[in-house]
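Data first, discussion second: the structure below is written as structure tokens.
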Amino acid sequence: MQDSTFNTPEIAFDSVASHEEHPDLRVFGLLTFLVSESLMFGGFFATYLFLRGATAVWPPEGTEVELLVPTINTVILVSSSFVIHLGDTAIKKNNIAGMRLWYGITALMGAIFLAGQVYEYLTLGYGLTTNVFANCFYLMTGFHGLHVFVGLLLILGVLWRSRRFGHYSATKHTGIEMAEIYWHFVDIIWIVLFTLLYILTLF
């Protein structure tokens with residue numbers, strides 16, 4: 001009886017220790033994923049620069065790009081990074097309404113960006129298979145557009161989950177941070193794309 005009584009606290013301690021929370025690796029997992037996506041985009045960028053250097057006229061005649069819509073899109077997307085950060089700041093102050101407002105505006109800006117990209121596709125006058133420049137252009141902007149769409153879904157997911165009382169708070173907002181990190185990644189990639197596909201074609 002004495003041995004059994006003496007061992008009871010040890011058993012209880014082991015039980016508590018076995019149920020300790022594991023570290024939250026969701027942000028680390030997202031960052032790992034974004035590194036792999038960066039390598040994929042890096043492959044696109046390297047291929048594009050190689051083809052540009054190996055081609056006498058770039059872009060080929062008849063496949064020039066317009067700057068007005070892409071420039072407006074760039075301003076919208078880059079600005080949205082600042083807007084989404086305001087949402088992250090709001091939730092860290094336990095301001096759910098503020099987070100919803102800024103994330104809602106970010107979602108709207110993302111939707112406008114995608115609409116602008118579709119409009120550009122419809123008015124360019126050339127398609128995916130017109131020539132090697134057009135092929136690169138559509139593949140890179142289309143792949144980026146897919147990432148914007150995924151980011152938009154993440155933001156809408158955050159807004160949907162925020163409907164549940166207590167789902168997000170000043171101490172529980174990992175999902176919000178992950179959406180913000182992903183959105184910043186999308187913005188950075190677009191800045192590189194805009195420079196390669198639009199700005200450098202002027203020189």
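FYI, nothing fancy with the structure tokens labels: chains A, B, ... in order, residues from 1 per chain, ligands from 1 as they appear.
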
Which residues come within 12 Å of Leu68 (chain A), counting only C-alpha atoms, excluding same-chain residues fewer than 2 positions away, as a list in words?
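Those residues are Val65, Glu66, Pro70, Thr71, Ile72, Asn73, Thr74, Val75, Gly116, Gln117, Tyr119, Glu120, Phe194, Tyr198 and Ile199 of chain A.
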
Show which residues sit within 8 Å of region 112-115 of chain A, as a ChimeraX atom specification. Count only C-alpha atoms, and ignore same-chain residues fewer than 5 positions away.
/A:73,76-77,145,148-149

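Take the candidates A:Gly110, A:Gly166, A:Gly29, A:Gly98 and check each one against Leu152 (chain A) using only C-alpha atoms; the shortest distance goes to A:Gly110.
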
What's the 8 Å shell around region 78-86 of chain A, counting only C-alpha atoms, without same-chain residues fewer than 5 positions away, as a short mmCIF file (atom, residue, chain, number, x, y, z; two decimals) with C-alpha atoms, in the first residue's frame?
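Writing done, so here's around_24.cif:
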data_model
loop_
_atom_site.label_atom_id
_atom_site.label_comp_id
_atom_site.auth_asym_id
_atom_site.auth_seq_id
_atom_site.Cartn_x
_atom_site.Cartn_y
_atom_site.Cartn_z
CA MET A 99 -9.10 43.54 -38.27
CA TRP A 102 -8.66 46.14 -42.97
CA TYR A 103 -8.74 42.52 -44.13
CA ILE A 105 -10.37 46.17 -47.78
CA THR A 106 -7.35 44.00 -48.60
CA MET A 109 -7.93 45.30 -53.43
CA GLY A 110 -6.85 41.75 -54.30
CA GLU A 180 -0.44 38.46 -43.91
CA TRP A 183 0.16 38.28 -48.94
CA HIS A 184 3.50 40.04 -48.47
CA ASP A 187 3.45 41.43 -53.33
#

Could you check the closest approach to Leu30 (chain A) for each of A:Leu146, A:Leu153, A:Ala179, A:Leu67 and tell me which residue wins, using only C-alpha atoms?
A:Ala179

Could you name the residues that touch Gly127 (chain A) at 12 Å or less, counting only C-alpha atoms, but leaving out those on the same chain fewer than 3 positions away, as a PDB file with C-alpha atoms, in the first residue's frame?
ATOM      1  CA  GLY A  62       3.510  42.940 -81.959  1.00  0.00           C
ATOM      2  CA  THR A  63       3.781  41.676 -78.391  1.00  0.00           C
ATOM      3  CA  GLU A  64       4.574  44.879 -76.561  1.00  0.00           C
ATOM      4  CA  GLU A 120      -5.145  43.141 -69.502  1.00  0.00           C
ATOM      5  CA  TYR A 121      -5.274  39.604 -70.906  1.00  0.00           C
ATOM      6  CA  LEU A 122      -8.409  40.447 -72.907  1.00  0.00           C
ATOM      7  CA  THR A 123      -6.919  43.597 -74.435  1.00  0.00           C
ATOM      8  CA  LEU A 124      -3.306  42.616 -75.167  1.00  0.00           C
ATOM      9  CA  THR A 130       2.148  33.776 -80.054  1.00  0.00           C
ATOM     10  CA  ASN A 131       5.899  33.723 -79.377  1.00  0.00           C
ATOM     11  CA  VAL A 132       8.390  32.965 -76.613  1.00  0.00           C
ATOM     12  CA  PHE A 133       7.893  36.343 -74.914  1.00  0.00           C
ATOM     13  CA  ALA A 134       4.125  35.922 -74.839  1.00  0.00           C
ATOM     14  CA  ASN A 135       4.590  32.417 -73.470  1.00  0.00           C
ATOM     15  CA  CYS A 136       6.800  33.668 -70.646  1.00  0.00           C
ATOM     16  CA  PHE A 137       4.495  36.588 -69.967  1.00  0.00           C
ATOM     17  CA  TYR A 138       1.341  34.528 -69.589  1.00  0.00           C
ATOM     18  CA  LEU A 139       2.995  31.734 -67.617  1.00  0.00           C
TER      19      LEU A 139
END

Could you give me, as a ChimeraX atom specification, the residues within 12 Å of Gly157 (chain A), counting only C-alpha atoms and dropping anything in the same chain fewer than 6 positions from it?
/A:100,103-104,107,150-151,163-164,175-176,178-179

Rounded to one decimal, what separation in Å do you get between CA of Ile181 (chain A) and CA of Glu37 (chain A)?
13.4 Å

From a DSSP calculation on the backbone, collect every residue of region 14-105 of chain A in helix (DSSP H, G or I) and output the set as a VMD selection string.
chain A and resid 14 to 18 26 to 54 68 to 92 96 to 105

Compile the contact shell of Thr171 (chain A) as a ChimeraX atom specification: residues with an atom at most 10 Å away, counting only C-alpha atoms, same-chain residues fewer than 2 positions apart removed.
/A:91-94,168-169,173-174

Those same residues - C-alpha atoms - I'd like them written as a PDB file, in the first residue's frame.
ATOM      1  CA  ILE A  91      -6.014  42.087 -33.813  1.00  0.00           C
ATOM      2  CA  LYS A  92      -2.945  42.407 -31.595  1.00  0.00           C
ATOM      3  CA  LYS A  93      -4.858  45.168 -29.827  1.00  0.00           C
ATOM      4  CA  ASN A  94      -7.852  42.812 -29.580  1.00  0.00           C
ATOM      5  CA  TYR A 168      -9.159  35.317 -32.863  1.00  0.00           C
ATOM      6  CA  SER A 169      -7.820  37.543 -30.118  1.00  0.00           C
ATOM      7  CA  HIS A 173      -4.060  35.150 -34.147  1.00  0.00           C
ATOM      8  CA  THR A 174      -1.700  32.746 -35.942  1.00  0.00           C
TER       9      THR A 174
END

At a cut-off of 8 Å, using only C-alpha atoms, what residues contact Ile189 (chain A)? Leave out same-chain residues fewer than 3 positions from it and give the result as JSON, numbers by chain.
{"A": [41, 144, 185, 186, 192, 193]}

Would you write out those residues with N, CA and C atoms, as a PDB file, in the first residue's frame?
ATOM      1  N   PHE A  41       9.574  30.370 -58.665  1.00  0.00           N
ATOM      2  CA  PHE A  41       9.554  31.657 -59.353  1.00  0.00           C
ATOM      3  C   PHE A  41      10.960  32.040 -59.824  1.00  0.00           C
ATOM      4  N   HIS A 144       1.499  33.814 -60.977  1.00  0.00           N
ATOM      5  CA  HIS A 144       1.392  34.774 -59.882  1.00  0.00           C
ATOM      6  C   HIS A 144      -0.071  35.076 -59.565  1.00  0.00           C
ATOM      7  N   PHE A 185       4.385  38.003 -49.446  1.00  0.00           N
ATOM      8  CA  PHE A 185       5.147  37.219 -50.421  1.00  0.00           C
ATOM      9  C   PHE A 185       4.623  37.470 -51.834  1.00  0.00           C
ATOM     10  N   VAL A 186       3.312  37.444 -51.979  1.00  0.00           N
ATOM     11  CA  VAL A 186       2.687  37.696 -53.279  1.00  0.00           C
ATOM     12  C   VAL A 186       3.069  39.077 -53.805  1.00  0.00           C
ATOM     13  N   VAL A 192       8.957  42.052 -58.495  1.00  0.00           N
ATOM     14  CA  VAL A 192       9.997  41.498 -59.373  1.00  0.00           C
ATOM     15  C   VAL A 192       9.439  41.291 -60.775  1.00  0.00           C
ATOM     16  N   LEU A 193       8.233  40.716 -60.859  1.00  0.00           N
ATOM     17  CA  LEU A 193       7.607  40.475 -62.165  1.00  0.00           C
ATOM     18  C   LEU A 193       7.370  41.784 -62.914  1.00  0.00           C
TER      19      LEU A 193
END
